[in-house]
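Q: If it helps, the file is called input01.txt and holds compact mmCIF, C-alpha atoms and all ligand atoms:
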```txt
# COMPACT_ATOMS: atom_id res chain seq x y z
CA MET D 30 247.94 -91.50 -67.53
CA GLU D 31 248.54 -90.82 -71.22
CA SER D 32 251.02 -88.10 -71.93
CA GLY D 33 250.31 -85.47 -74.54
CA ILE D 34 246.75 -84.71 -73.45
CA ASN D 35 246.55 -81.35 -71.79
CA MET D 36 244.01 -81.76 -69.02
CA GLU D 37 242.97 -79.11 -66.60
CA PHE D 38 241.18 -79.89 -63.35
CA ARG D 39 239.31 -76.92 -61.96
CA LEU D 40 236.06 -75.48 -60.67
CA ILE D 41 233.32 -75.45 -63.28
CA SER D 42 232.24 -72.03 -64.42
CA GLY D 43 228.58 -71.02 -64.41
CA LYS D 44 228.48 -70.78 -68.20
CA ASP D 45 229.19 -74.52 -68.46
CA LEU D 46 226.13 -75.69 -66.54
CA ARG D 47 224.36 -76.84 -69.69
CA ASN D 48 227.35 -79.08 -70.46
CA VAL D 49 227.32 -80.38 -66.89
CA TRP D 50 223.68 -81.23 -67.35
CA LYS D 51 224.40 -83.04 -70.64
CA LEU D 52 227.10 -85.22 -69.06
CA GLN D 53 224.94 -85.90 -66.02
CA LYS D 54 221.99 -86.94 -68.20
CA GLU D 55 224.04 -89.06 -70.55
CA TYR D 56 226.11 -90.94 -67.97
CA VAL D 57 224.40 -90.74 -64.58
CA ASP D 58 220.69 -89.93 -64.54
CA GLU D 59 218.70 -89.16 -67.66
CA LYS D 60 215.91 -87.65 -65.58
CA THR D 61 218.05 -84.81 -64.19
CA LYS D 62 216.62 -81.35 -64.87
CA LEU D 63 218.77 -78.35 -65.80
CA LYS D 64 216.93 -76.34 -63.15
CA GLU D 65 218.10 -78.76 -60.47
CA ILE D 66 221.74 -78.43 -61.61
CA LYS D 67 221.45 -74.62 -61.58
CA GLU D 68 219.98 -74.60 -58.06
CA LEU D 69 222.74 -76.86 -56.72
CA TYR D 70 225.36 -74.68 -58.38
CA LEU D 71 223.95 -71.57 -56.70
CA LYS D 72 224.31 -73.31 -53.32
CA TYR D 73 227.63 -75.12 -53.85
CA PRO D 74 229.67 -73.48 -56.65
CA LYS D 75 232.89 -74.68 -54.99
CA LEU D 76 231.82 -78.31 -55.25
CA PHE D 77 231.29 -78.35 -58.99
CA VAL D 78 234.59 -79.66 -60.28
CA GLY D 79 235.47 -80.50 -63.86
CA CYS D 80 238.13 -81.75 -66.19
CA TYR D 81 238.72 -79.62 -69.26
CA ILE D 82 240.64 -80.51 -72.40
CA LYS D 83 241.23 -77.48 -74.64
CA ASN D 84 238.56 -75.67 -72.62
CA LYS D 85 235.99 -78.37 -73.35
CA LEU D 86 234.37 -79.95 -70.32
CA ILE D 87 234.91 -83.73 -70.56
CA GLY D 88 234.42 -84.78 -66.93
CA ILE D 89 232.41 -83.67 -63.92
CA CYS D 90 231.95 -84.38 -60.24
CA ILE D 91 229.00 -82.58 -58.66
CA PRO D 92 227.28 -82.53 -55.26
CA GLY D 93 223.81 -83.41 -54.09
CA ILE D 94 222.21 -82.90 -50.70
CA PHE D 95 220.16 -85.38 -48.74
CA ASP D 96 219.27 -85.19 -45.07
CA LYS D 97 221.57 -82.17 -44.74
CA GLU D 98 224.53 -84.30 -45.87
CA ILE D 99 226.45 -83.63 -49.06
CA TYR D 100 227.06 -86.60 -51.33
CA VAL D 101 228.43 -87.25 -54.80
CA LYS D 102 225.38 -86.79 -57.00
CA GLY D 103 227.20 -87.34 -60.22
CA ILE D 104 230.62 -88.28 -61.47
CA ALA D 105 231.11 -88.82 -65.17
CA VAL D 106 233.87 -88.78 -67.74
CA GLU D 107 233.32 -88.77 -71.50
CA HIS D 108 233.63 -92.33 -72.70
CA ASN D 109 236.73 -91.71 -74.93
CA TYR D 110 238.68 -90.65 -71.87
CA TRP D 111 237.82 -93.50 -69.50
CA LYS D 112 240.53 -95.38 -67.58
CA LYS D 113 243.09 -92.60 -67.69
CA GLY D 114 242.74 -91.62 -64.03
CA ILE D 115 240.44 -88.66 -64.73
CA GLY D 116 237.53 -89.91 -62.59
CA SER D 117 239.87 -90.47 -59.64
CA ARG D 118 241.38 -87.00 -59.98
CA LEU D 119 237.91 -85.44 -60.14
CA LEU D 120 236.92 -87.29 -56.99
CA LYS D 121 240.09 -86.13 -55.19
CA LEU D 122 239.48 -82.50 -56.14
CA PHE D 123 235.84 -82.80 -55.01
CA GLU D 124 236.99 -84.26 -51.66
CA LYS D 125 239.55 -81.48 -51.23
CA GLN D 126 236.89 -78.83 -51.86
CA LEU D 127 234.50 -80.53 -49.45
CA LYS D 128 237.18 -80.64 -46.79
CA SER D 129 237.88 -76.93 -47.28
CA LEU D 130 234.19 -76.34 -46.45
CA GLY D 131 234.79 -78.09 -43.12
CA LYS D 132 233.13 -81.40 -44.03
CA LYS D 133 234.48 -84.53 -42.41
CA LYS D 134 233.14 -87.22 -44.70
CA VAL D 135 231.61 -87.85 -48.08
CA THR D 136 229.19 -90.52 -49.24
CA VAL D 137 228.14 -91.83 -52.61
CA PRO D 138 225.39 -94.16 -53.79
CA SER D 139 227.31 -96.35 -56.22
CA ALA D 140 225.80 -97.60 -59.47
CA ASP D 141 225.09 -101.33 -59.06
CA ILE D 142 227.86 -102.43 -61.40
CA ASP D 143 230.88 -104.33 -60.08
CA TRP D 144 233.48 -102.15 -61.79
CA VAL D 145 231.85 -98.86 -60.69
CA GLU D 146 231.99 -100.21 -57.13
CA GLY D 147 235.62 -101.11 -57.91
CA PHE D 148 236.23 -97.50 -58.91
CA TYR D 149 235.11 -96.27 -55.48
CA LEU D 150 236.93 -99.03 -53.60
CA LYS D 151 240.13 -98.12 -55.44
CA ASN D 152 239.56 -94.53 -54.31
CA ARG D 153 239.39 -95.79 -50.71
CA TYR D 154 235.63 -95.56 -50.20
CA LYS D 155 234.15 -98.08 -47.78
CA PRO D 156 230.74 -99.72 -48.22
CA ILE D 157 228.67 -98.87 -45.16
CA GLN D 158 225.06 -99.56 -46.14
CA PHE D 159 222.83 -100.95 -48.83
CA LEU D 160 220.01 -98.80 -50.12
CA ILE D 161 217.14 -101.07 -51.09
CA LYS D 162 214.36 -99.85 -53.38
CA VAL D 163 211.29 -102.05 -53.82
CA LYS D 164 207.91 -101.47 -55.45
CA ARG D 165 205.49 -101.43 -52.54
CA GLU D 166 203.17 -103.94 -54.19
CA LYS D 167 206.10 -106.38 -54.49
CA LEU D 168 207.33 -106.06 -50.92
CA SER D 169 206.47 -109.15 -48.88
CA LYS D 170 204.72 -108.62 -45.54
CA ASP D 171 207.54 -110.25 -43.59
CA TYR D 172 210.34 -108.08 -45.01
CA LYS D 173 211.27 -107.02 -41.48
CA ASN D 174 211.89 -110.64 -40.53
CA LYS D 175 214.50 -111.54 -43.10
CA GLY D 176 217.40 -111.31 -40.68
CA TYR D 177 218.38 -107.70 -41.41
CA LYS D 178 217.66 -104.59 -39.37
CA ILE D 179 215.63 -102.23 -41.58
CA LEU D 180 216.75 -98.60 -41.24
CA ASN D 181 215.42 -95.18 -42.30
CA GLU D 182 212.41 -96.43 -44.21
CA ARG D 183 210.63 -93.98 -46.47
CA ALA D 184 208.05 -94.01 -49.25
CA GLU D 185 208.89 -92.49 -52.62
CA GLY D 186 205.97 -92.65 -55.04
CA LYS D 187 205.18 -96.30 -55.65
CA TYR D 188 208.45 -97.38 -54.01
CA LYS D 189 209.56 -98.15 -50.50
CA ILE D 190 213.17 -97.29 -49.77
CA PHE D 191 215.12 -98.54 -46.77
CA TYR D 192 218.71 -99.21 -45.71
CA ILE D 193 220.59 -102.02 -44.04
CA ASN D 194 224.03 -101.79 -42.48
CA ILE D 195 226.82 -103.90 -43.88
CA GLY D 196 230.35 -104.96 -43.17
CA LYS D 197 232.75 -105.75 -45.95
CA TYR D 198 232.30 -105.50 -49.71
CA ASP D 199 230.58 -108.52 -51.25
CA PRO D 200 229.09 -108.10 -54.76
CA LYS D 201 227.29 -111.44 -54.44
CA LEU D 202 225.40 -110.15 -51.40
CA ARG D 203 223.91 -107.36 -53.54
CA GLU D 204 222.42 -109.95 -55.87
CA ARG D 205 221.19 -112.13 -52.99
CA LEU D 206 219.44 -109.18 -51.34
CA LYS D 207 217.79 -108.26 -54.61
CA ILE D 208 216.12 -111.67 -54.64
CA LEU D 209 215.43 -111.76 -50.90
CA PHE D 210 213.56 -108.43 -50.90
CA ASN D 211 212.16 -108.63 -54.45
CA ALA D 212 214.00 -105.36 -54.95
CA ASP D 213 214.22 -103.22 -58.07
CA GLU D 214 217.52 -101.79 -56.90
CA VAL D 215 220.11 -102.68 -54.30
CA ILE D 216 222.84 -100.07 -54.17
CA TYR D 217 225.98 -99.76 -52.09
CA ILE D 218 226.30 -96.55 -50.11
CA MET D 219 230.02 -95.89 -49.89
CA GLU D 220 231.71 -93.51 -47.48
CA LYS D 221 235.10 -91.92 -47.09
CA LYS D 222 236.38 -89.98 -44.10
CA LEU D 223 238.08 -86.76 -45.18
C1 LIG V 301 233.01 -94.17 -63.22
C2 LIG V 301 233.85 -93.23 -64.08
C3 LIG V 301 233.62 -91.78 -63.64
C4 LIG V 301 235.32 -93.59 -63.88
O1 LIG V 301 236.11 -92.64 -64.57
P1 LIG V 301 237.57 -93.00 -65.10
O2 LIG V 301 238.27 -91.73 -65.44
O3 LIG V 301 237.48 -94.01 -66.17
O4 LIG V 301 238.20 -93.66 -63.78
P2 LIG V 301 239.74 -93.93 -63.40
O5 LIG V 301 240.57 -93.99 -64.66
O6 LIG V 301 240.15 -92.95 -62.37
O7 LIG V 301 239.60 -95.40 -62.79
C5 LIG V 301 240.17 -95.77 -61.56
C6 LIG V 301 239.88 -97.24 -61.31
O8 LIG V 301 238.48 -97.52 -61.35
C7 LIG V 301 238.23 -98.81 -61.95
N1 LIG V 301 237.57 -98.63 -63.26
C8 LIG V 301 237.20 -97.46 -63.81
N2 LIG V 301 236.59 -97.67 -64.98
C9 LIG V 301 236.58 -99.00 -65.19
C10 LIG V 301 236.08 -99.83 -66.23
N3 LIG V 301 235.46 -99.34 -67.33
N4 LIG V 301 236.22 -101.17 -66.11
C11 LIG V 301 236.83 -101.70 -65.03
N5 LIG V 301 237.33 -100.95 -64.00
C12 LIG V 301 237.20 -99.62 -64.08
C13 LIG V 301 239.60 -99.41 -62.15
O9 LIG V 301 239.95 -100.08 -60.95
C14 LIG V 301 240.48 -98.17 -62.33
O10 LIG V 301 241.79 -98.38 -62.00
P3 LIG V 301 242.83 -98.91 -63.14
O11 LIG V 301 242.73 -97.95 -64.28
O12 LIG V 301 244.14 -98.88 -62.44
O13 LIG V 301 242.36 -100.27 -63.53
C15 LIG V 301 233.53 -93.40 -65.59
O14 LIG V 301 233.65 -94.77 -65.92
C16 LIG V 301 232.15 -92.94 -65.97
O15 LIG V 301 231.94 -91.78 -66.34
N6 LIG V 301 231.16 -93.85 -65.92
C17 LIG V 301 229.78 -93.55 -66.27
C18 LIG V 301 229.11 -92.79 -65.17
C19 LIG V 301 229.09 -93.57 -63.88
O16 LIG V 301 228.91 -94.76 -63.85
N7 LIG V 301 229.26 -92.83 -62.79
C20 LIG V 301 229.21 -93.35 -61.45
C21 LIG V 301 227.80 -93.34 -61.01
S1 LIG V 301 227.69 -93.72 -59.29
```
Spell out the structure here as structure tokens.
Ligand SMILES: CC(C)(COP(=O)(O)OP(=O)(O)OC[C@H]1O[C@@H](n2cnc3c(N)ncnc32)[C@H](O)[C@@H]1OP(=O)(O)O)[C@@H](O)C(=O)NCCC(=O)NCCS

A:
Amino acid sequence: MESGINMEFRLISGKDLRNVWKLQKEYVDEKTKLKEIKELYLKYPKLFVGCYIKNKLIGICIPGIFDKEIYVKGIAVEHNYWKKGIGSRLLKLFEKQLKSLGKKKVTVPSADIDWVEGFYLKNRYKPIQFLIKVKREKLSKDYKNKGYKILNERAEGKYKIFYINIGKYDPKLRERLKILFNADEVIYIMEKKL
């Protein structure tokens, strides 16, 4: 970590939600609505963690909820500050907060980029499943007979989403599955026991 930069890792205050939203939209999901961020904050204020430099929010880690489980909905650091350990420290603080709420594990859908997966692996997350998202019109009829057990299928608009269990990390497998299932997205679901 570079010396001389005075970073502060702490809970994000309610007045910074617009800045959280900006970082989330710029780096994680441009479709995120401010309303959604505000609603999550009302439910989980203790899981909104940030990195501040001179009181300016330059990094966030925030929760989402799916199937009653909390996951990392967004982690982002302003580009100028990448690779200084800030993302890892945000993740650690998020995990600590989650643990203090009595949670035993945390999951994250990783962006499908090798080095983002590397970021989670370095932080001791383990790949447990692939999330596969395919346009329904592109899904072949025999997708259940491709040698993988299809789990937790659901429809989301024009997409079908399902999961398959996996063993060890293999970035080439992600690309192979994309072709095999004609998928728009194949994403590692990573998990860490707290
Ligand atoms: C992912 C992100 C939060 C990482 O933040 P960061 O502060 O740069 O991360 P760290 O400095 O803690 O990185 C820890 C390790 O992750 C890996 N890593 C992180 N950024 C990397 C990069 N740009 N290229 C290659 N490896 C990288 C490295 O293994 C790094 O360890 P090292 O510095 O010893 O090589 C940041 O890159 C970001 O905001 N990305 C855009 C948003 C995003 O992709 N979020 C994840 C969505 S699931």

Q: Here is a test: counting all atoms listed in the file, which residue of D:Phe191, D:Tyr198, D:Phe77, D:Tyr56 is nearest to ligand LIG 301 (chain V)?

A: D:Tyr56

Q: Calculate how many Å separate CA of Ile179 (chain D) from CA of Ile193 (chain D), rounding to one decimal.

A: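 Between CA of Ile179 (chain D) and CA of Ile193 (chain D) the gap is 5.5 Å.
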
Q: What does the distance between CA of Glu65 (chain D) and atom C6 of ligand LIG 301 (chain V) come to in Å, to one decimal place?

A: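 For CA of Glu65 (chain D) relative to atom C6 of ligand LIG 301 (chain V), the distance reads 28.6 Å.
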
Q: With only C-alpha atoms and all ligand atoms counted, collect every polymer residue having an atom within 9 Å of ligand LIG 301 (chain V); state the result as a PyMOL selection string.

A: chain D and resi 30+52-53+55-58+88-90+101-108+110-120+137-152

Q: Find the distance between CA of Lys132 (chain D) and CA of Ile91 (chain D) and write it in Å to one decimal.

A: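 Taking CA of Lys132 (chain D) as the start and CA of Ile91 (chain D) as the end point, the length is 15.2 Å.
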
Q: Of the candidates D:Lys125, D:Phe210, D:Val215, D:Ile41, which shows the shortest atom-to-atom distance to Lys170 (chain D), using only C-alpha atoms?

A: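 Comparing D:Lys125, D:Phe210, D:Val215, D:Ile41 against Lys170 (chain D), the winner is D:Phe210.
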
Q: Which of these, D:Ala212, D:Ile99, D:Ile82, D:Ile190, has the shortest distance to Gln126 (chain D) once you count all atoms listed in the file?

A: D:Ile99

Q: Once you add 5 Å to each side, what are the centre and edge lengths of the axis-aligned box holding all listed atoms of region 49-54 of chain D? One decimal in Å, as AutoDock Vina command-line options, if you can.

A:
```
--center_x 224.7 --center_y -83.7 --center_z -68.3 --size_x 15.3 --size_y 16.6 --size_z 14.6
```

Q: Within 12 Å of Asp199 (chain D), counting all atoms listed in the file, which residues show up once you throw out same-chain ones fewer than 2 positions away? Write them as a PyMOL selection string, please.

A: chain D and resi 141+143+146-147+150+155-159+195-197+201-206+216-217

Q: Looking at all atoms listed in the file, which of D:Asn194, D:Asp45, D:Leu40, D:Gly131 is the one that sits closest to Ile218 (chain D)?

A: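 Nearest candidate to Ile218 (chain D) out of D:Asn194, D:Asp45, D:Leu40, D:Gly131: D:Asn194.
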
Q: So, counting only C-alpha atoms, which residue among D:Ser129, D:Asn174, D:Asn109, D:Thr136 is closest to Ile87 (chain D)?

A: D:Asn109

Q: From the set D:Tyr154, D:Tyr100, D:Tyr188, D:Phe123, which residue has the shortest atom-to-atom contact distance to Lys167 (chain D), counting all atoms listed in the file?

A: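 The answer is D:Tyr188, which sits nearest to Lys167 (chain D).
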
Q: Output region 128-163 of chain D from the block with N, CA and C atoms, as an mmCIF file, in the first residue's frame?

A:
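This is the output file selection_4.cif:
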```cif
data_model
loop_
_atom_site.group_PDB
_atom_site.id
_atom_site.type_symbol
_atom_site.label_atom_id
_atom_site.label_comp_id
_atom_site.auth_asym_id
_atom_site.auth_seq_id
_atom_site.Cartn_x
_atom_site.Cartn_y
_atom_site.Cartn_z
ATOM 1 N N LYS D 128 -20.408 -10.887 9.674
ATOM 2 C CA LYS D 128 -20.204 -11.849 10.758
ATOM 3 C C LYS D 128 -20.828 -11.327 12.049
ATOM 4 N N SER D 129 -20.697 -10.021 12.282
ATOM 5 C CA SER D 129 -21.254 -9.452 13.515
ATOM 6 C C SER D 129 -22.789 -9.503 13.496
ATOM 7 N N LEU D 130 -23.372 -9.692 12.311
ATOM 8 C CA LEU D 130 -24.835 -9.869 12.224
ATOM 9 C C LEU D 130 -25.205 -11.347 12.331
ATOM 10 N N GLY D 131 -24.220 -12.189 12.606
ATOM 11 C CA GLY D 131 -24.480 -13.616 12.817
ATOM 12 C C GLY D 131 -24.460 -14.445 11.547
ATOM 13 N N LYS D 132 -24.023 -13.857 10.437
ATOM 14 C CA LYS D 132 -23.998 -14.617 9.175
ATOM 15 C C LYS D 132 -22.758 -15.509 9.123
ATOM 16 N N LYS D 133 -22.939 -16.659 8.483
ATOM 17 C CA LYS D 133 -21.860 -17.651 8.475
ATOM 18 C C LYS D 133 -21.109 -17.724 7.150
ATOM 19 N N LYS D 134 -21.697 -17.116 6.120
ATOM 20 C CA LYS D 134 -21.010 -17.163 4.825
ATOM 21 C C LYS D 134 -21.418 -15.959 3.974
ATOM 22 N N VAL D 135 -20.645 -15.724 2.952
ATOM 23 C CA VAL D 135 -20.973 -14.647 2.018
ATOM 24 C C VAL D 135 -20.712 -15.156 0.606
ATOM 25 N N THR D 136 -21.573 -14.724 -0.319
ATOM 26 C CA THR D 136 -21.359 -15.114 -1.718
ATOM 27 C C THR D 136 -21.245 -13.862 -2.586
ATOM 28 N N VAL D 137 -20.705 -14.064 -3.766
ATOM 29 C CA VAL D 137 -20.611 -12.964 -4.720
ATOM 30 C C VAL D 137 -20.662 -13.523 -6.139
ATOM 31 N N PRO D 138 -21.495 -12.887 -6.992
ATOM 32 C CA PRO D 138 -21.416 -13.239 -8.410
ATOM 33 C C PRO D 138 -20.278 -12.419 -9.005
ATOM 34 N N SER D 139 -19.226 -13.080 -9.453
ATOM 35 C CA SER D 139 -18.064 -12.329 -9.945
ATOM 36 C C SER D 139 -18.294 -11.854 -11.373
ATOM 37 N N ALA D 140 -17.745 -10.685 -11.707
ATOM 38 C CA ALA D 140 -17.759 -10.262 -13.114
ATOM 39 C C ALA D 140 -16.965 -11.304 -13.913
ATOM 40 N N ASP D 141 -17.344 -11.522 -15.176
ATOM 41 C CA ASP D 141 -16.681 -12.605 -15.931
ATOM 42 C C ASP D 141 -15.384 -12.116 -16.589
ATOM 43 N N ILE D 142 -14.488 -11.679 -15.743
ATOM 44 C CA ILE D 142 -13.178 -11.188 -16.180
ATOM 45 C C ILE D 142 -12.150 -11.916 -15.317
ATOM 46 N N ASP D 143 -11.134 -12.477 -15.958
ATOM 47 C CA ASP D 143 -10.158 -13.293 -15.213
ATOM 48 C C ASP D 143 -9.612 -12.576 -13.973
ATOM 49 N N TRP D 144 -9.204 -11.299 -14.137
ATOM 50 C CA TRP D 144 -8.542 -10.659 -12.997
ATOM 51 C C TRP D 144 -9.513 -10.290 -11.881
ATOM 52 N N VAL D 145 -10.813 -10.094 -12.205
ATOM 53 C CA VAL D 145 -11.794 -9.854 -11.132
ATOM 54 C C VAL D 145 -11.979 -11.164 -10.353
ATOM 55 N N GLU D 146 -12.035 -12.281 -11.092
ATOM 56 C CA GLU D 146 -12.077 -13.584 -10.412
ATOM 57 C C GLU D 146 -10.829 -13.751 -9.551
ATOM 58 N N GLY D 147 -9.680 -13.310 -10.092
ATOM 59 C CA GLY D 147 -8.417 -13.366 -9.347
ATOM 60 C C GLY D 147 -8.489 -12.562 -8.058
ATOM 61 N N PHE D 148 -9.180 -11.434 -8.121
ATOM 62 C CA PHE D 148 -9.347 -10.587 -6.928
ATOM 63 C C PHE D 148 -10.062 -11.370 -5.814
ATOM 64 N N TYR D 149 -11.131 -12.076 -6.187
ATOM 65 C CA TYR D 149 -11.872 -12.846 -5.172
ATOM 66 C C TYR D 149 -11.073 -14.057 -4.695
ATOM 67 N N LEU D 150 -10.394 -14.721 -5.627
ATOM 68 C CA LEU D 150 -9.600 -15.895 -5.239
ATOM 69 C C LEU D 150 -8.523 -15.473 -4.241
ATOM 70 N N LYS D 151 -7.884 -14.333 -4.530
ATOM 71 C CA LYS D 151 -6.846 -13.824 -3.628
ATOM 72 C C LYS D 151 -7.416 -13.514 -2.246
ATOM 73 N N ASN D 152 -8.704 -13.140 -2.219
ATOM 74 C CA ASN D 152 -9.366 -12.875 -0.942
ATOM 75 C C ASN D 152 -10.027 -14.128 -0.362
ATOM 76 N N ARG D 153 -9.580 -15.263 -0.834
ATOM 77 C CA ARG D 153 -9.961 -16.595 -0.315
ATOM 78 C C ARG D 153 -11.447 -16.933 -0.526
ATOM 79 N N TYR D 154 -11.986 -16.478 -1.634
ATOM 80 C CA TYR D 154 -13.331 -16.931 -2.040
ATOM 81 C C TYR D 154 -13.155 -18.178 -2.897
ATOM 82 N N LYS D 155 -14.140 -19.095 -2.771
ATOM 83 C CA LYS D 155 -14.063 -20.340 -3.552
ATOM 84 C C LYS D 155 -15.195 -20.381 -4.566
ATOM 85 N N PRO D 156 -14.881 -20.736 -5.818
ATOM 86 C CA PRO D 156 -15.960 -20.864 -6.804
ATOM 87 C C PRO D 156 -16.822 -22.077 -6.475
ATOM 88 N N ILE D 157 -18.128 -21.882 -6.343
ATOM 89 C CA ILE D 157 -18.984 -23.022 -6.011
ATOM 90 C C ILE D 157 -19.968 -23.362 -7.132
ATOM 91 N N GLN D 158 -20.374 -22.346 -7.878
ATOM 92 C CA GLN D 158 -21.348 -22.594 -8.956
ATOM 93 C C GLN D 158 -21.080 -21.652 -10.123
ATOM 94 N N PHE D 159 -21.635 -22.028 -11.280
ATOM 95 C CA PHE D 159 -21.737 -21.078 -12.377
ATOM 96 C C PHE D 159 -23.187 -20.644 -12.472
ATOM 97 N N LEU D 160 -23.399 -19.347 -12.677
ATOM 98 C CA LEU D 160 -24.723 -18.857 -13.036
ATOM 99 C C LEU D 160 -24.706 -18.711 -14.563
ATOM 100 N N ILE D 161 -25.678 -19.314 -15.206
ATOM 101 C CA ILE D 161 -25.722 -19.276 -16.672
ATOM 102 C C ILE D 161 -26.991 -18.554 -17.114
ATOM 103 N N LYS D 162 -26.795 -17.542 -17.943
ATOM 104 C CA LYS D 162 -27.934 -16.710 -18.395
ATOM 105 C C LYS D 162 -28.011 -16.815 -19.916
ATOM 106 N N VAL D 163 -29.139 -17.299 -20.413
ATOM 107 C CA VAL D 163 -29.292 -17.538 -21.852
ATOM 108 C C VAL D 163 -30.618 -16.952 -22.325
#
```
